[in-house]
Amino acid sequence: MIRGHRLPELKYVGNENKKLCLHLFFQIIGKIRMALTPRKNHWWYITLYVYEKGFTTGPVPIENGFASFSMCINILDHEFVIIKSSGESRSFELDHDLSVAQFYKRVMELLKELDIEVSINSKPFDLGIDKDFSEIDEIYGYDAVYATSYWHSFLWIDSVFKEFSGRFYGKTCPVHLYWHSMDLAVTRFSGKKAPQMPEEARLSDKDAYSHECISFGFWAGDDNVQEPAFYSYTYPSPEGLDREELEPAKANWIMSNGTPMAILTYADLRKEENPEKVLLEFLESAYQA
């Protein structure tokens with residue numbers, strides 16, 4: 001529970017390594033889920049989910065669908081857990097000295113103990129790290145305080161995004177966490193095909209943006225936007241989008257990859273007396289724009 005029902009403090013600057021360590025943990029379990037889960041449009045089959053103890057893959061099918069397992073980064077108890085539909089489970093503690101390499105090796109060992117066979121591309125995706133997970137000894141520092149604030153924030157945001165998602169009757173993705181960029185997102189689709197992307201565009205982008213969409217999300221900061229923020233962008237972006245008004249007044253448009261993106265910082269939302277109302281107004285104003 002968020003103490004006093006107030007949003008916890010969450011900062012990027014000063015927590016870069018703590019966030020990166022958690023991000024790499026997410027990428028490892030996300031890639032395992034991707035390797036074993038049947039394909040679904042727009043990469044909906046690779047994502048993670050917020051749950052009552054932390055973050056989970058949800059059920060991953062094995063043995064031709066006659067069994068399944070889930071992997072959970074249990075922030076509440078600070079442990080990694082694998083649970084198999086047979087009732088078997090394995091776990092290990094998440095502590096400050098646990099490196100990415102050690103996390104990867106232990107996860108793969110536990111999968112082997114449970115007779116779950118999987119092979120993944122073992123290099124981080126889109127993080128500028130040219131090493132296998134098994135070689136990343138220099139990145140460590142699971143921080144219980146940061147991880148708890150991170151999860152509490154996402155737990156609340158997940159519930160608000162689900163309320164907003166329920167307002168739309170068209171095609172909508174689940175509220176889920178994309179591990180490549182570590183953002184919680186929900187996307188609406190118009191039903192129309194989007195213009196074909198250039199041949200040199202990444203395969204991941206071609207599938208994600210095969211149809212017109214508007215995406216709403218939250219991420220905990222990066223080198224470009226160095227504080228946690230909510231966002232919305234539209235693909236393809238309508239002419240003059242960034243001239244439309246947003247709510248609240250502190251929200252603004254920035255340019256991202258050549259198109260307008262609506263931004264509301266987490267720090268500004270924390271100052272609001274009714275953050276749920278204000279966040280819903282931001283999301284709705286971006287959609288109406």
# chains A, B, ... in the order shown; residues from 1 in each chain; ligands from 1
>>> select_by_dssp(residues="region 61-278 of chain A", states="helix (DSSP H, G or I)", output="number ranges by chain")
A: 63-65, 100-113, 133-135, 144-165, 203-208, 241-243, 266-270, 275-278
>>> residues_around(residues="Ala194 (chain A)", least_positions_apart="2", cutoff="10 Å", atoms="only C-alpha atoms", output="count of residues only")
13
>>> residues_around(residues="region 30-34 of chain A", least_positions_apart="2", cutoff="8 Å", atoms="only C-alpha atoms", output="PDB file with all heavy atoms, in the first residue's frame")
ATOM      1  N   PHE A  26      14.437  -7.035 -16.042  1.00  0.00           N
ATOM      2  CA  PHE A  26      13.195  -7.107 -16.815  1.00  0.00           C
ATOM      3  C   PHE A  26      13.452  -7.662 -18.215  1.00  0.00           C
ATOM      4  O   PHE A  26      12.665  -8.448 -18.741  1.00  0.00           O
ATOM      5  CB  PHE A  26      12.564  -5.716 -16.933  1.00  0.00           C
ATOM      6  CG  PHE A  26      11.865  -5.217 -15.702  1.00  0.00           C
ATOM      7  CD1 PHE A  26      11.886  -5.932 -14.514  1.00  0.00           C
ATOM      8  CD2 PHE A  26      11.178  -4.020 -15.717  1.00  0.00           C
ATOM      9  CE1 PHE A  26      11.237  -5.464 -13.375  1.00  0.00           C
ATOM     10  CE2 PHE A  26      10.518  -3.537 -14.598  1.00  0.00           C
ATOM     11  CZ  PHE A  26      10.550  -4.263 -13.426  1.00  0.00           C
ATOM     12  N   GLN A  27      14.538  -7.210 -18.828  1.00  0.00           N
ATOM     13  CA  GLN A  27      14.829  -7.674 -20.192  1.00  0.00           C
ATOM     14  C   GLN A  27      15.089  -9.182 -20.224  1.00  0.00           C
ATOM     15  O   GLN A  27      14.654  -9.868 -21.155  1.00  0.00           O
ATOM     16  CB  GLN A  27      16.023  -6.918 -20.774  1.00  0.00           C
ATOM     17  CG  GLN A  27      15.706  -5.491 -21.156  1.00  0.00           C
ATOM     18  CD  GLN A  27      16.514  -4.986 -22.340  1.00  0.00           C
ATOM     19  OE1 GLN A  27      17.397  -5.665 -22.868  1.00  0.00           O
ATOM     20  NE2 GLN A  27      16.218  -3.761 -22.770  1.00  0.00           N
ATOM     21  N   ILE A  28      15.753  -9.688 -19.213  1.00  0.00           N
ATOM     22  CA  ILE A  28      16.051 -11.123 -19.176  1.00  0.00           C
ATOM     23  C   ILE A  28      14.770 -11.942 -19.107  1.00  0.00           C
ATOM     24  O   ILE A  28      14.553 -12.849 -19.913  1.00  0.00           O
ATOM     25  CB  ILE A  28      16.986 -11.440 -17.981  1.00  0.00           C
ATOM     26  CG1 ILE A  28      18.382 -10.862 -18.247  1.00  0.00           C
ATOM     27  CG2 ILE A  28      17.057 -12.950 -17.744  1.00  0.00           C
ATOM     28  CD1 ILE A  28      19.285 -10.832 -17.027  1.00  0.00           C
ATOM     29  N   LEU A  36       9.028 -18.190 -25.650  1.00  0.00           N
ATOM     30  CA  LEU A  36       8.151 -19.340 -25.411  1.00  0.00           C
ATOM     31  C   LEU A  36       6.662 -19.053 -25.634  1.00  0.00           C
ATOM     32  O   LEU A  36       5.847 -19.975 -25.581  1.00  0.00           O
ATOM     33  CB  LEU A  36       8.347 -19.851 -23.979  1.00  0.00           C
ATOM     34  CG  LEU A  36       9.732 -20.422 -23.665  1.00  0.00           C
ATOM     35  CD1 LEU A  36       9.855 -20.716 -22.171  1.00  0.00           C
ATOM     36  CD2 LEU A  36      10.007 -21.682 -24.469  1.00  0.00           C
ATOM     37  N   THR A  37       6.310 -17.801 -25.880  1.00  0.00           N
ATOM     38  CA  THR A  37       4.899 -17.425 -25.983  1.00  0.00           C
ATOM     39  C   THR A  37       4.479 -17.267 -27.439  1.00  0.00           C
ATOM     40  O   THR A  37       5.215 -16.661 -28.224  1.00  0.00           O
ATOM     41  CB  THR A  37       4.645 -16.097 -25.234  1.00  0.00           C
ATOM     42  OG1 THR A  37       5.079 -16.238 -23.876  1.00  0.00           O
ATOM     43  CG2 THR A  37       3.168 -15.727 -25.262  1.00  0.00           C
ATOM     44  N   TYR A  45       2.662 -10.024 -26.912  1.00  0.00           N
ATOM     45  CA  TYR A  45       2.972 -11.301 -26.267  1.00  0.00           C
ATOM     46  C   TYR A  45       4.290 -11.302 -25.510  1.00  0.00           C
ATOM     47  O   TYR A  45       4.645 -12.308 -24.878  1.00  0.00           O
ATOM     48  CB  TYR A  45       2.990 -12.427 -27.309  1.00  0.00           C
ATOM     49  CG  TYR A  45       4.120 -12.334 -28.317  1.00  0.00           C
ATOM     50  CD1 TYR A  45       5.243 -13.153 -28.215  1.00  0.00           C
ATOM     51  CD2 TYR A  45       4.069 -11.435 -29.385  1.00  0.00           C
ATOM     52  CE1 TYR A  45       6.273 -13.072 -29.142  1.00  0.00           C
ATOM     53  CE2 TYR A  45       5.083 -11.357 -30.311  1.00  0.00           C
ATOM     54  CZ  TYR A  45       6.183 -12.176 -30.191  1.00  0.00           C
ATOM     55  OH  TYR A  45       7.198 -12.101 -31.111  1.00  0.00           O
ATOM     56  N   ILE A  46       5.015 -10.198 -25.523  1.00  0.00           N
ATOM     57  CA  ILE A  46       6.344 -10.193 -24.899  1.00  0.00           C
ATOM     58  C   ILE A  46       6.377  -9.434 -23.578  1.00  0.00           C
ATOM     59  O   ILE A  46       7.388  -9.424 -22.889  1.00  0.00           O
ATOM     60  CB  ILE A  46       7.394  -9.580 -25.849  1.00  0.00           C
ATOM     61  CG1 ILE A  46       7.225  -8.049 -25.937  1.00  0.00           C
ATOM     62  CG2 ILE A  46       7.320 -10.199 -27.235  1.00  0.00           C
ATOM     63  CD1 ILE A  46       8.371  -7.343 -26.624  1.00  0.00           C
ATOM     64  N   THR A  47       5.274  -8.796 -23.213  1.00  0.00           N
ATOM     65  CA  THR A  47       5.299  -7.781 -22.156  1.00  0.00           C
ATOM     66  C   THR A  47       5.242  -8.375 -20.745  1.00  0.00           C
ATOM     67  O   THR A  47       4.936  -9.551 -20.545  1.00  0.00           O
ATOM     68  CB  THR A  47       4.120  -6.824 -22.345  1.00  0.00           C
ATOM     69  OG1 THR A  47       2.913  -7.589 -22.447  1.00  0.00           O
ATOM     70  CG2 THR A  47       4.283  -6.003 -23.605  1.00  0.00           C
ATOM     71  N   LEU A  48       5.504  -7.496 -19.783  1.00  0.00           N
ATOM     72  CA  LEU A  48       5.380  -7.831 -18.366  1.00  0.00           C
ATOM     73  C   LEU A  48       4.168  -7.104 -17.798  1.00  0.00           C
ATOM     74  O   LEU A  48       3.614  -6.210 -18.432  1.00  0.00           O
ATOM     75  CB  LEU A  48       6.640  -7.421 -17.602  1.00  0.00           C
ATOM     76  CG  LEU A  48       7.967  -7.945 -18.150  1.00  0.00           C
ATOM     77  CD1 LEU A  48       9.125  -7.431 -17.296  1.00  0.00           C
ATOM     78  CD2 LEU A  48       7.985  -9.463 -18.229  1.00  0.00           C
ATOM     79  N   THR A  57       5.682 -12.035 -15.564  1.00  0.00           N
ATOM     80  CA  THR A  57       5.464 -12.379 -16.970  1.00  0.00           C
ATOM     81  C   THR A  57       4.032 -12.823 -17.220  1.00  0.00           C
ATOM     82  O   THR A  57       3.591 -12.858 -18.364  1.00  0.00           O
ATOM     83  CB  THR A  57       6.369 -13.547 -17.390  1.00  0.00           C
ATOM     84  OG1 THR A  57       6.095 -14.686 -16.541  1.00  0.00           O
ATOM     85  CG2 THR A  57       7.838 -13.176 -17.284  1.00  0.00           C
ATOM     86  N   VAL A  60       3.299 -18.447 -18.860  1.00  0.00           N
ATOM     87  CA  VAL A  60       4.017 -18.728 -20.106  1.00  0.00           C
ATOM     88  C   VAL A  60       3.798 -20.209 -20.442  1.00  0.00           C
ATOM     89  O   VAL A  60       4.118 -21.080 -19.628  1.00  0.00           O
ATOM     90  CB  VAL A  60       5.524 -18.445 -19.953  1.00  0.00           C
ATOM     91  CG1 VAL A  60       6.275 -18.777 -21.236  1.00  0.00           C
ATOM     92  CG2 VAL A  60       5.755 -16.993 -19.549  1.00  0.00           C
ATOM     93  N   VAL A 118      14.850 -23.272 -22.741  1.00  0.00           N
ATOM     94  CA  VAL A 118      14.657 -22.018 -23.463  1.00  0.00           C
ATOM     95  C   VAL A 118      16.006 -21.487 -23.922  1.00  0.00           C
ATOM     96  O   VAL A 118      17.030 -21.685 -23.263  1.00  0.00           O
ATOM     97  CB  VAL A 118      13.950 -20.970 -22.568  1.00  0.00           C
ATOM     98  CG1 VAL A 118      14.800 -20.606 -21.360  1.00  0.00           C
ATOM     99  CG2 VAL A 118      13.574 -19.729 -23.363  1.00  0.00           C
ATOM    100  N   SER A 119      15.992 -20.846 -25.076  1.00  0.00           N
ATOM    101  CA  SER A 119      17.193 -20.205 -25.602  1.00  0.00           C
ATOM    102  C   SER A 119      16.812 -18.801 -26.042  1.00  0.00           C
ATOM    103  O   SER A 119      15.785 -18.599 -26.707  1.00  0.00           O
ATOM    104  CB  SER A 119      17.737 -20.994 -26.805  1.00  0.00           C
ATOM    105  OG  SER A 119      18.849 -20.323 -27.371  1.00  0.00           O
ATOM    106  N   ILE A 120      17.585 -17.811 -25.626  1.00  0.00           N
ATOM    107  CA  ILE A 120      17.266 -16.428 -25.969  1.00  0.00           C
ATOM    108  C   ILE A 120      18.478 -15.738 -26.577  1.00  0.00           C
ATOM    109  O   ILE A 120      19.609 -16.213 -26.444  1.00  0.00           O
ATOM    110  CB  ILE A 120      16.795 -15.624 -24.736  1.00  0.00           C
ATOM    111  CG1 ILE A 120      17.945 -15.473 -23.717  1.00  0.00           C
ATOM    112  CG2 ILE A 120      15.574 -16.253 -24.101  1.00  0.00           C
ATOM    113  CD1 ILE A 120      17.634 -14.511 -22.575  1.00  0.00           C
ATOM    114  N   ASN A 121      18.238 -14.603 -27.247  1.00  0.00           N
ATOM    115  CA  ASN A 121      19.317 -13.704 -27.628  1.00  0.00           C
ATOM    116  C   ASN A 121      19.784 -13.046 -26.331  1.00  0.00           C
ATOM    117  O   ASN A 121      19.055 -12.252 -25.735  1.00  0.00           O
ATOM    118  CB  ASN A 121      18.807 -12.656 -28.617  1.00  0.00           C
ATOM    119  CG  ASN A 121      19.889 -11.672 -29.042  1.00  0.00           C
ATOM    120  OD1 ASN A 121      20.832 -11.403 -28.310  1.00  0.00           O
ATOM    121  ND2 ASN A 121      19.752 -11.120 -30.234  1.00  0.00           N
ATOM    122  N   TRP A 179       9.463  -4.212 -21.835  1.00  0.00           N
ATOM    123  CA  TRP A 179      10.766  -4.279 -21.171  1.00  0.00           C
ATOM    124  C   TRP A 179      11.894  -3.665 -21.989  1.00  0.00           C
ATOM    125  O   TRP A 179      12.961  -3.387 -21.456  1.00  0.00           O
ATOM    126  CB  TRP A 179      11.107  -5.721 -20.805  1.00  0.00           C
ATOM    127  CG  TRP A 179      10.854  -6.740 -21.886  1.00  0.00           C
ATOM    128  CD1 TRP A 179       9.775  -7.569 -21.993  1.00  0.00           C
ATOM    129  CD2 TRP A 179      11.702  -7.042 -22.999  1.00  0.00           C
ATOM    130  NE1 TRP A 179       9.879  -8.371 -23.112  1.00  0.00           N
ATOM    131  CE2 TRP A 179      11.057  -8.065 -23.745  1.00  0.00           C
ATOM    132  CE3 TRP A 179      12.934  -6.562 -23.451  1.00  0.00           C
ATOM    133  CZ2 TRP A 179      11.602  -8.611 -24.906  1.00  0.00           C
ATOM    134  CZ3 TRP A 179      13.477  -7.098 -24.613  1.00  0.00           C
ATOM    135  CH2 TRP A 179      12.819  -8.110 -25.325  1.00  0.00           C
TER     136      TRP A 179
END
>>> atom_distance(atom1="CA of Phe164 (chain A)", atom2="CA of Met255 (chain A)")
24.4 Å
>>> select_by_dssp(residues="region 26-245 of chain A", states="strand (DSSP E or B)", output="number ranges by chain")
A: 48-51, 54-56, 60-62, 67-74, 79-84, 89-93, 99, 140, 172, 176-178, 183-193, 211-219, 229-235
>>> closest_residue(among="A:Lys84, A:His78, A:His176, A:Lys250", to="Ile62 (chain A)", atoms="only C-alpha atoms")
A:Lys84
>>> atom_distance(atom1="CA of Leu98 (chain A)", atom2="CA of Ile139 (chain A)")
8.8 Å
>>> residues_around(residues="Val225 (chain A)", least_positions_apart="3", cutoff="12 Å", atoms="only C-alpha atoms", output="JSON, numbers by chain")
{"A": [11, 12, 13, 218, 219, 220, 221, 222, 228, 229, 230, 231, 254, 255, 256, 261, 263, 264, 265, 266]}
>>> atom_distance(atom1="CA of Leu269 (chain A)", atom2="CA of Gly217 (chain A)")
14.2 Å
>>> residues_around(residues="Val81 (chain A)", least_positions_apart="4", cutoff="6 Å", atoms="only C-alpha atoms", output="ChimeraX atom specification")
/A:71-72,90-91
>>> closest_residue(among="A:Leu127, A:Leu280, A:Ala286, A:Ile73", to="Val107 (chain A)", atoms="only C-alpha atoms")
A:Ile73
>>> decode(residues="region 225-270 of chain A", atoms="N, CA and C atoms", output="PDB file, in the first residue's frame")
ATOM      1  N   VAL A 225      14.923  12.428 -21.269  1.00  0.00           N
ATOM      2  CA  VAL A 225      13.991  13.098 -20.354  1.00  0.00           C
ATOM      3  C   VAL A 225      14.357  12.622 -18.952  1.00  0.00           C
ATOM      4  N   GLN A 226      15.095  13.433 -18.230  1.00  0.00           N
ATOM      5  CA  GLN A 226      15.744  12.958 -17.008  1.00  0.00           C
ATOM      6  C   GLN A 226      14.859  13.066 -15.771  1.00  0.00           C
ATOM      7  N   GLU A 227      13.597  12.756 -15.936  1.00  0.00           N
ATOM      8  CA  GLU A 227      12.699  12.613 -14.790  1.00  0.00           C
ATOM      9  C   GLU A 227      11.512  11.757 -15.217  1.00  0.00           C
ATOM     10  N   PRO A 228      10.919  11.035 -14.289  1.00  0.00           N
ATOM     11  CA  PRO A 228       9.757  10.216 -14.620  1.00  0.00           C
ATOM     12  C   PRO A 228       8.641  11.076 -15.213  1.00  0.00           C
ATOM     13  N   ALA A 229       7.955  10.539 -16.218  1.00  0.00           N
ATOM     14  CA  ALA A 229       6.928  11.344 -16.887  1.00  0.00           C
ATOM     15  C   ALA A 229       5.884  10.459 -17.559  1.00  0.00           C
ATOM     16  N   PHE A 230       4.699  11.016 -17.689  1.00  0.00           N
ATOM     17  CA  PHE A 230       3.625  10.422 -18.473  1.00  0.00           C
ATOM     18  C   PHE A 230       3.718  10.997 -19.885  1.00  0.00           C
ATOM     19  N   TYR A 231       3.295  10.217 -20.858  1.00  0.00           N
ATOM     20  CA  TYR A 231       3.403  10.673 -22.240  1.00  0.00           C
ATOM     21  C   TYR A 231       2.203  10.205 -23.061  1.00  0.00           C
ATOM     22  N   SER A 232       2.036  10.842 -24.199  1.00  0.00           N
ATOM     23  CA  SER A 232       1.116  10.362 -25.218  1.00  0.00           C
ATOM     24  C   SER A 232       1.654  10.786 -26.575  1.00  0.00           C
ATOM     25  N   TYR A 233       1.633   9.873 -27.533  1.00  0.00           N
ATOM     26  CA  TYR A 233       2.003  10.212 -28.911  1.00  0.00           C
ATOM     27  C   TYR A 233       1.064   9.487 -29.859  1.00  0.00           C
ATOM     28  N   THR A 234       0.927  10.012 -31.055  1.00  0.00           N
ATOM     29  CA  THR A 234       0.029   9.460 -32.057  1.00  0.00           C
ATOM     30  C   THR A 234       0.823   9.087 -33.303  1.00  0.00           C
ATOM     31  N   TYR A 235       0.500   7.917 -33.882  1.00  0.00           N
ATOM     32  CA  TYR A 235       1.163   7.516 -35.124  1.00  0.00           C
ATOM     33  C   TYR A 235       0.120   7.109 -36.152  1.00  0.00           C
ATOM     34  N   PRO A 236       0.151   7.726 -37.343  1.00  0.00           N
ATOM     35  CA  PRO A 236       0.976   8.889 -37.696  1.00  0.00           C
ATOM     36  C   PRO A 236       0.450  10.155 -37.037  1.00  0.00           C
ATOM     37  N   SER A 237       1.320  11.093 -36.807  1.00  0.00           N
ATOM     38  CA  SER A 237       0.949  12.283 -36.047  1.00  0.00           C
ATOM     39  C   SER A 237       0.155  13.258 -36.918  1.00  0.00           C
ATOM     40  N   PRO A 238      -1.037  13.682 -36.458  1.00  0.00           N
ATOM     41  CA  PRO A 238      -1.836  14.642 -37.237  1.00  0.00           C
ATOM     42  C   PRO A 238      -1.153  16.011 -37.320  1.00  0.00           C
ATOM     43  N   GLU A 239      -1.358  16.705 -38.433  1.00  0.00           N
ATOM     44  CA  GLU A 239      -0.807  18.046 -38.613  1.00  0.00           C
ATOM     45  C   GLU A 239      -1.366  18.979 -37.541  1.00  0.00           C
ATOM     46  N   GLY A 240      -0.482  19.738 -36.903  1.00  0.00           N
ATOM     47  CA  GLY A 240      -0.902  20.739 -35.919  1.00  0.00           C
ATOM     48  C   GLY A 240      -1.228  20.179 -34.553  1.00  0.00           C
ATOM     49  N   LEU A 241      -0.889  18.917 -34.317  1.00  0.00           N
ATOM     50  CA  LEU A 241      -1.213  18.293 -33.028  1.00  0.00           C
ATOM     51  C   LEU A 241      -0.651  19.084 -31.853  1.00  0.00           C
ATOM     52  N   ASP A 242       0.575  19.558 -32.012  1.00  0.00           N
ATOM     53  CA  ASP A 242       1.241  20.236 -30.894  1.00  0.00           C
ATOM     54  C   ASP A 242       0.719  21.648 -30.639  1.00  0.00           C
ATOM     55  N   ARG A 243      -0.268  22.083 -31.410  1.00  0.00           N
ATOM     56  CA  ARG A 243      -0.906  23.377 -31.139  1.00  0.00           C
ATOM     57  C   ARG A 243      -2.188  23.207 -30.317  1.00  0.00           C
ATOM     58  N   GLU A 244      -2.573  21.977 -30.061  1.00  0.00           N
ATOM     59  CA  GLU A 244      -3.776  21.703 -29.268  1.00  0.00           C
ATOM     60  C   GLU A 244      -3.467  21.855 -27.774  1.00  0.00           C
ATOM     61  N   GLU A 245      -4.464  22.258 -27.004  1.00  0.00           N
ATOM     62  CA  GLU A 245      -4.275  22.454 -25.569  1.00  0.00           C
ATOM     63  C   GLU A 245      -4.307  21.127 -24.822  1.00  0.00           C
ATOM     64  N   LEU A 246      -3.526  21.074 -23.760  1.00  0.00           N
ATOM     65  CA  LEU A 246      -3.478  19.901 -22.897  1.00  0.00           C
ATOM     66  C   LEU A 246      -3.920  20.284 -21.493  1.00  0.00           C
ATOM     67  N   GLU A 247      -4.382  19.291 -20.765  1.00  0.00           N
ATOM     68  CA  GLU A 247      -4.677  19.456 -19.345  1.00  0.00           C
ATOM     69  C   GLU A 247      -3.752  18.526 -18.562  1.00  0.00           C
ATOM     70  N   PRO A 248      -3.255  18.973 -17.382  1.00  0.00           N
ATOM     71  CA  PRO A 248      -3.369  20.309 -16.791  1.00  0.00           C
ATOM     72  C   PRO A 248      -2.462  21.312 -17.503  1.00  0.00           C
ATOM     73  N   ALA A 249      -2.450  22.538 -17.023  1.00  0.00           N
ATOM     74  CA  ALA A 249      -1.661  23.589 -17.668  1.00  0.00           C
ATOM     75  C   ALA A 249      -0.162  23.271 -17.665  1.00  0.00           C
ATOM     76  N   LYS A 250       0.278  22.466 -16.697  1.00  0.00           N
ATOM     77  CA  LYS A 250       1.707  22.141 -16.614  1.00  0.00           C
ATOM     78  C   LYS A 250       2.147  21.122 -17.668  1.00  0.00           C
ATOM     79  N   ALA A 251       1.192  20.443 -18.307  1.00  0.00           N
ATOM     80  CA  ALA A 251       1.522  19.506 -19.377  1.00  0.00           C
ATOM     81  C   ALA A 251       1.976  20.296 -20.607  1.00  0.00           C
ATOM     82  N   ASN A 252       2.824  19.709 -21.424  1.00  0.00           N
ATOM     83  CA  ASN A 252       3.307  20.404 -22.619  1.00  0.00           C
ATOM     84  C   ASN A 252       3.685  19.410 -23.710  1.00  0.00           C
ATOM     85  N   TRP A 253       3.916  19.942 -24.890  1.00  0.00           N
ATOM     86  CA  TRP A 253       4.339  19.129 -26.024  1.00  0.00           C
ATOM     87  C   TRP A 253       5.854  19.240 -26.182  1.00  0.00           C
ATOM     88  N   ILE A 254       6.514  18.119 -26.472  1.00  0.00           N
ATOM     89  CA  ILE A 254       7.927  18.121 -26.850  1.00  0.00           C
ATOM     90  C   ILE A 254       8.038  17.368 -28.167  1.00  0.00           C
ATOM     91  N   MET A 255       9.154  17.531 -28.858  1.00  0.00           N
ATOM     92  CA  MET A 255       9.379  16.773 -30.077  1.00  0.00           C
ATOM     93  C   MET A 255      10.164  15.509 -29.739  1.00  0.00           C
ATOM     94  N   SER A 256       9.681  14.359 -30.214  1.00  0.00           N
ATOM     95  CA  SER A 256      10.344  13.076 -29.977  1.00  0.00           C
ATOM     96  C   SER A 256      10.360  12.294 -31.281  1.00  0.00           C
ATOM     97  N   ASN A 257      11.553  12.000 -31.761  1.00  0.00           N
ATOM     98  CA  ASN A 257      11.716  11.297 -33.043  1.00  0.00           C
ATOM     99  C   ASN A 257      10.980  12.016 -34.174  1.00  0.00           C
ATOM    100  N   GLY A 258      10.995  13.352 -34.096  1.00  0.00           N
ATOM    101  CA  GLY A 258      10.423  14.150 -35.166  1.00  0.00           C
ATOM    102  C   GLY A 258       8.930  14.370 -35.098  1.00  0.00           C
ATOM    103  N   THR A 259       8.253  13.878 -34.039  1.00  0.00           N
ATOM    104  CA  THR A 259       6.803  14.060 -33.906  1.00  0.00           C
ATOM    105  C   THR A 259       6.467  14.563 -32.505  1.00  0.00           C
ATOM    106  N   PRO A 260       5.311  15.235 -32.347  1.00  0.00           N
ATOM    107  CA  PRO A 260       4.950  15.773 -31.028  1.00  0.00           C
ATOM    108  C   PRO A 260       4.600  14.670 -30.034  1.00  0.00           C
ATOM    109  N   MET A 261       5.034  14.872 -28.807  1.00  0.00           N
ATOM    110  CA  MET A 261       4.688  13.978 -27.700  1.00  0.00           C
ATOM    111  C   MET A 261       4.204  14.828 -26.540  1.00  0.00           C
ATOM    112  N   ALA A 262       3.032  14.494 -25.996  1.00  0.00           N
ATOM    113  CA  ALA A 262       2.504  15.188 -24.822  1.00  0.00           C
ATOM    114  C   ALA A 262       3.202  14.649 -23.574  1.00  0.00           C
ATOM    115  N   ILE A 263       3.579  15.554 -22.692  1.00  0.00           N
ATOM    116  CA  ILE A 263       4.337  15.179 -21.489  1.00  0.00           C
ATOM    117  C   ILE A 263       3.720  15.817 -20.245  1.00  0.00           C
ATOM    118  N   LEU A 264       3.588  15.021 -19.200  1.00  0.00           N
ATOM    119  CA  LEU A 264       3.245  15.508 -17.862  1.00  0.00           C
ATOM    120  C   LEU A 264       4.201  14.843 -16.897  1.00  0.00           C
ATOM    121  N   THR A 265       4.980  15.617 -16.174  1.00  0.00           N
ATOM    122  CA  THR A 265       5.972  14.999 -15.295  1.00  0.00           C
ATOM    123  C   THR A 265       5.317  14.416 -14.047  1.00  0.00           C
ATOM    124  N   TYR A 266       5.927  13.361 -13.564  1.00  0.00           N
ATOM    125  CA  TYR A 266       5.466  12.703 -12.337  1.00  0.00           C
ATOM    126  C   TYR A 266       5.584  13.659 -11.152  1.00  0.00           C
ATOM    127  N   ALA A 267       6.653  14.455 -11.133  1.00  0.00           N
ATOM    128  CA  ALA A 267       6.862  15.404 -10.029  1.00  0.00           C
ATOM    129  C   ALA A 267       5.727  16.414  -9.971  1.00  0.00           C
ATOM    130  N   ASP A 268       5.282  16.888 -11.140  1.00  0.00           N
ATOM    131  CA  ASP A 268       4.167  17.837 -11.156  1.00  0.00           C
ATOM    132  C   ASP A 268       2.873  17.160 -10.703  1.00  0.00           C
ATOM    133  N   LEU A 269       2.657  15.927 -11.109  1.00  0.00           N
ATOM    134  CA  LEU A 269       1.432  15.226 -10.710  1.00  0.00           C
ATOM    135  C   LEU A 269       1.393  15.004  -9.203  1.00  0.00           C
ATOM    136  N   ARG A 270       2.540  14.717  -8.589  1.00  0.00           N
ATOM    137  CA  ARG A 270       2.598  14.478  -7.150  1.00  0.00           C
ATOM    138  C   ARG A 270       2.120  15.679  -6.345  1.00  0.00           C
TER     139      ARG A 270
END
